[in-house]
Amino acid sequence: MDMSANPHVSVGNFGSCASPIIVAADGAVKIICEMPQGVGLGHPIHVSLAAHRPVLRYVSQESVVFDYLPPRVEAISPVSGFRRIGGDEVTVIGGNFGPPGLLNGRVHPRVFIGHSECEHVQHLSDREVV
């Protein structure tokens, strides 16, 4: 493989990896890059090497996919004092909620308290949902 090839790597619909580089190690060729922000499981990985003619393209199969870490809840506020009729605002603090506006606003976090889904969820950051 041409080590000067300019690889393009993307994950699902989340965009391209930042500054991918090709490295030869242990008789294999590796592409190393910083993953784009994203959420969820089972995203195919797309690789193309434009320096080759014809262009080499690889799309991972179901057995080779990328999973982002699941959301993690660290705290909620307030922790008690809710009205039984609902309508109270709850702030969820944690991580891996994904960046706001991901995929042009097509990814929306869902929050459940018990079996009830919260309405009007605001995705403030990767660490905070209201």
# chains A, B, ... in the order shown; residues from 1 in each chain; ligands from 1
$ select_by_dssp --residues "range 16-118 of chain A" --states "helix (DSSP H, G or I)" --output "ChimeraX atom specification"
/A:102-105
$ closest_residue --among "A:Ala75, A:Phe14, A:Met35, A:Val64" --to "Val107 in chain A" --atoms "only C-alpha atoms"
A:Phe14
$ closest_residue --among "A:Val90, A:Pro7, A:Arg72, A:Leu49" --to "Cys33 in chain A" --atoms "only C-alpha atoms"
A:Pro7
$ select_by_dssp --residues "range 16-101 of chain A" --states "strand (DSSP E or B)" --output "PyMOL selection string"
chain A and resi 16+18-25+28-34+43-49+56-59+65-66+72-77+91-95
$ write_last_selection --atoms "C-alpha atoms" --output "compact mmCIF listing (two decimals), in the first residue's frame"
# COMPACT_ATOMS: atom_id res chain seq x y z
CA SER A 16 -15.06 12.05 8.78
CA ALA A 18 -9.80 14.04 11.75
CA SER A 19 -6.35 13.83 10.14
CA PRO A 20 -6.13 10.10 9.35
CA ILE A 21 -2.65 8.69 8.89
CA ILE A 22 -1.42 5.35 7.56
CA VAL A 23 1.05 3.39 9.69
CA ALA A 24 2.80 0.12 8.86
CA ALA A 25 3.32 -2.05 11.93
CA ALA A 28 -0.03 -4.87 8.73
CA VAL A 29 -1.18 -1.46 7.64
CA LYS A 30 -3.19 0.58 10.10
CA ILE A 31 -5.15 3.77 9.65
CA ILE A 32 -5.18 5.93 12.77
CA CYS A 33 -7.51 8.88 13.20
CA GLU A 34 -9.61 10.78 15.72
CA HIS A 43 -22.19 2.24 12.86
CA PRO A 44 -20.47 1.00 9.68
CA ILE A 45 -16.97 2.27 9.01
CA HIS A 46 -16.24 3.65 5.53
CA VAL A 47 -12.64 3.81 4.26
CA SER A 48 -11.46 5.07 0.90
CA LEU A 49 -7.96 5.65 -0.42
CA LEU A 56 -10.11 1.65 -3.06
CA ARG A 57 -13.28 1.67 -0.97
CA TYR A 58 -14.19 -0.43 2.01
CA VAL A 59 -17.47 -0.43 3.95
CA VAL A 65 -18.89 -1.81 13.28
CA PHE A 66 -18.13 1.04 15.66
CA ARG A 72 -23.85 7.72 31.58
CA VAL A 73 -26.00 9.39 34.26
CA GLU A 74 -24.05 10.76 37.23
CA ALA A 75 -26.67 12.94 38.92
CA ILE A 76 -30.10 14.46 38.59
CA SER A 77 -31.38 17.65 40.13
CA THR A 91 -31.50 18.41 35.00
CA VAL A 92 -29.57 15.24 34.11
CA ILE A 93 -25.78 15.43 34.47
CA GLY A 94 -23.51 12.73 33.08
CA GLY A 95 -21.63 12.00 29.91
$ atom_distance --atom1 "CA of Asp67 in chain A" --atom2 "CA of Gly42 in chain A"
5.6 Å
$ atom_distance --atom1 "CA of Gly27 in chain A" --atom2 "CA of Val9 in chain A"
21.2 Å
$ atom_distance --atom1 "CA of Gly101 in chain A" --atom2 "CA of Ser125 in chain A"
9.5 Å
$ closest_residue --among "A:His123, A:Gly86, A:His115, A:Pro36" --to "Tyr68 in chain A" --atoms "only C-alpha atoms"
A:Pro36
